[in-house]
Amino acid sequence: PSTHLWLSFFAVAWGSYFDYLVEWNKYIDNERIMTISYEELKEDQIQGMKKISAFFGFSLCEEDYSRIAKKTSFTSMKEKS
């Protein structure tokens, strides 16, 4: 494929995905900003929740993480919709 076609794949509603990443990369070491990707959450949902709760200073027990993971699964949300 052409370079133009390849780059158009990474276009998002607000412009270039690469420009978006470059802009947020400026804040990579800012302790007040946490980044987490969908892929990280998909790979290990509970570890992702632990990262988020630690960032916000929440104290949760293992049972809480399991309960939240179960209630936020696609299956559970589909049943509730």
# chains A, B, ... in the order shown; residues from 1 in each chain; ligands from 1
>>> select_by_dssp(residues="chain A", states="strand (DSSP E)", output="PyMOL selection string")
chain A and resi 11-12+15-16
>>> write_last_selection(atoms="C-alpha atoms", output="short mmCIF file (atom, residue, chain, number, x, y, z; two decimals), in the first residue's frame")
data_model
loop_
_atom_site.label_atom_id
_atom_site.label_comp_id
_atom_site.auth_asym_id
_atom_site.auth_seq_id
_atom_site.Cartn_x
_atom_site.Cartn_y
_atom_site.Cartn_z
CA ALA A 11 -6.19 9.09 11.16
CA VAL A 12 -8.61 9.74 13.97
CA GLY A 15 -6.20 14.42 13.40
CA SER A 16 -3.20 12.15 13.23
#
>>> atom_distance(atom1="atom CA of A:Met34", atom2="atom CA of A:Phe55")
7.2 Å
>>> residues_around(residues="A:Thr35", least_positions_apart="6", cutoff="12 Å", atoms="only C-alpha atoms", output="number ranges by chain")
A: 21, 24-25, 27-29, 41, 48, 51-52, 55
>>> write_last_selection(atoms="N, CA and C atoms", output="PDB file, in the first residue's frame")
ATOM      1  N   LEU A  21      -0.206  10.964  19.959  1.00  0.00           N
ATOM      2  CA  LEU A  21       0.756  10.298  20.844  1.00  0.00           C
ATOM      3  C   LEU A  21       1.911  11.211  21.220  1.00  0.00           C
ATOM      4  N   TRP A  24       0.755  13.670  23.947  1.00  0.00           N
ATOM      5  CA  TRP A  24       0.642  13.067  25.276  1.00  0.00           C
ATOM      6  C   TRP A  24       1.994  12.600  25.806  1.00  0.00           C
ATOM      7  N   ASN A  25       2.927  12.318  24.921  1.00  0.00           N
ATOM      8  CA  ASN A  25       4.260  11.877  25.346  1.00  0.00           C
ATOM      9  C   ASN A  25       4.964  12.955  26.167  1.00  0.00           C
ATOM     10  N   TYR A  27       3.834  14.409  28.586  1.00  0.00           N
ATOM     11  CA  TYR A  27       3.407  14.253  29.972  1.00  0.00           C
ATOM     12  C   TYR A  27       3.749  12.886  30.557  1.00  0.00           C
ATOM     13  N   ILE A  28       4.568  12.126  29.867  1.00  0.00           N
ATOM     14  CA  ILE A  28       4.851  10.740  30.253  1.00  0.00           C
ATOM     15  C   ILE A  28       5.414  10.635  31.675  1.00  0.00           C
ATOM     16  N   ASP A  29       6.166  11.640  32.120  1.00  0.00           N
ATOM     17  CA  ASP A  29       6.762  11.594  33.455  1.00  0.00           C
ATOM     18  C   ASP A  29       5.983  12.403  34.482  1.00  0.00           C
ATOM     19  N   LEU A  41      -5.830  -3.417  29.703  1.00  0.00           N
ATOM     20  CA  LEU A  41      -6.999  -3.862  30.463  1.00  0.00           C
ATOM     21  C   LEU A  41      -7.543  -5.177  29.937  1.00  0.00           C
ATOM     22  N   GLY A  48      -4.946  -4.140  35.679  1.00  0.00           N
ATOM     23  CA  GLY A  48      -5.276  -2.788  35.240  1.00  0.00           C
ATOM     24  C   GLY A  48      -6.061  -2.034  36.294  1.00  0.00           C
ATOM     25  N   LYS A  51      -3.778  -0.955  39.027  1.00  0.00           N
ATOM     26  CA  LYS A  51      -2.987   0.206  38.616  1.00  0.00           C
ATOM     27  C   LYS A  51      -3.821   1.481  38.759  1.00  0.00           C
ATOM     28  N   ILE A  52      -5.076   1.425  38.318  1.00  0.00           N
ATOM     29  CA  ILE A  52      -5.960   2.588  38.414  1.00  0.00           C
ATOM     30  C   ILE A  52      -6.250   2.936  39.867  1.00  0.00           C
ATOM     31  N   PHE A  55      -3.294   4.528  41.532  1.00  0.00           N
ATOM     32  CA  PHE A  55      -3.098   5.896  41.054  1.00  0.00           C
ATOM     33  C   PHE A  55      -4.016   6.872  41.798  1.00  0.00           C
TER      34      PHE A  55
END
>>> residues_around(residues="A:Lys70", least_positions_apart="5", cutoff="12 Å", atoms="only C-alpha atoms", output="list of chain:residue names")
A:Gln45, A:Ile46, A:Glu63, A:Asp64, A:Tyr65, A:Thr75, A:Ser76, A:Met77, A:Glu79
>>> residues_around(residues="A:Gln47", least_positions_apart="4", cutoff="12 Å", atoms="only C-alpha atoms", output="PDB file with N, CA and C atoms, in the first residue's frame")
ATOM      1  N   ILE A  36      -3.201   4.260  30.507  1.00  0.00           N
ATOM      2  CA  ILE A  36      -3.470   2.829  30.453  1.00  0.00           C
ATOM      3  C   ILE A  36      -4.197   2.581  29.137  1.00  0.00           C
ATOM      4  N   GLU A  39      -5.691  -2.368  25.531  1.00  0.00           N
ATOM      5  CA  GLU A  39      -4.995  -3.651  25.427  1.00  0.00           C
ATOM      6  C   GLU A  39      -4.483  -4.121  26.785  1.00  0.00           C
ATOM      7  N   GLU A  40      -3.987  -3.188  27.600  1.00  0.00           N
ATOM      8  CA  GLU A  40      -3.534  -3.559  28.942  1.00  0.00           C
ATOM      9  C   GLU A  40      -4.693  -4.104  29.768  1.00  0.00           C
ATOM     10  N   LEU A  41      -5.830  -3.417  29.703  1.00  0.00           N
ATOM     11  CA  LEU A  41      -6.999  -3.862  30.463  1.00  0.00           C
ATOM     12  C   LEU A  41      -7.543  -5.177  29.937  1.00  0.00           C
ATOM     13  N   LYS A  42      -7.499  -5.355  28.631  1.00  0.00           N
ATOM     14  CA  LYS A  42      -7.990  -6.585  28.023  1.00  0.00           C
ATOM     15  C   LYS A  42      -7.100  -7.771  28.413  1.00  0.00           C
ATOM     16  N   GLU A  43      -5.793  -7.529  28.439  1.00  0.00           N
ATOM     17  CA  GLU A  43      -4.842  -8.595  28.764  1.00  0.00           C
ATOM     18  C   GLU A  43      -4.961  -9.043  30.212  1.00  0.00           C
ATOM     19  N   LYS A  51      -3.778  -0.955  39.027  1.00  0.00           N
ATOM     20  CA  LYS A  51      -2.987   0.206  38.616  1.00  0.00           C
ATOM     21  C   LYS A  51      -3.821   1.481  38.759  1.00  0.00           C
ATOM     22  N   ILE A  52      -5.076   1.425  38.318  1.00  0.00           N
ATOM     23  CA  ILE A  52      -5.960   2.588  38.414  1.00  0.00           C
ATOM     24  C   ILE A  52      -6.250   2.936  39.867  1.00  0.00           C
ATOM     25  N   SER A  53      -6.573   1.938  40.678  1.00  0.00           N
ATOM     26  CA  SER A  53      -6.908   2.223  42.077  1.00  0.00           C
ATOM     27  C   SER A  53      -5.694   2.755  42.842  1.00  0.00           C
ATOM     28  N   ALA A  54      -4.511   2.246  42.548  1.00  0.00           N
ATOM     29  CA  ALA A  54      -3.304   2.760  43.195  1.00  0.00           C
ATOM     30  C   ALA A  54      -3.062   4.215  42.794  1.00  0.00           C
ATOM     31  N   GLU A  62      -8.887  -8.032  47.364  1.00  0.00           N
ATOM     32  CA  GLU A  62      -8.919  -8.913  46.188  1.00  0.00           C
ATOM     33  C   GLU A  62     -10.353  -9.258  45.772  1.00  0.00           C
ATOM     34  N   TYR A  65     -11.812  -6.548  43.569  1.00  0.00           N
ATOM     35  CA  TYR A  65     -11.339  -6.607  42.176  1.00  0.00           C
ATOM     36  C   TYR A  65     -12.067  -7.696  41.399  1.00  0.00           C
ATOM     37  N   SER A  66     -12.235  -8.849  42.030  1.00  0.00           N
ATOM     38  CA  SER A  66     -12.938  -9.952  41.367  1.00  0.00           C
ATOM     39  C   SER A  66     -14.389  -9.592  41.090  1.00  0.00           C
ATOM     40  N   ALA A  69     -14.508  -7.022  38.276  1.00  0.00           N
ATOM     41  CA  ALA A  69     -14.196  -7.679  36.999  1.00  0.00           C
ATOM     42  C   ALA A  69     -15.404  -8.450  36.479  1.00  0.00           C
TER      43      ALA A  69
END
>>> closest_residue(among="A:Phe56, A:Tyr20, A:Trp14, A:Phe74", to="A:Arg32", atoms="only C-alpha atoms")
A:Phe56
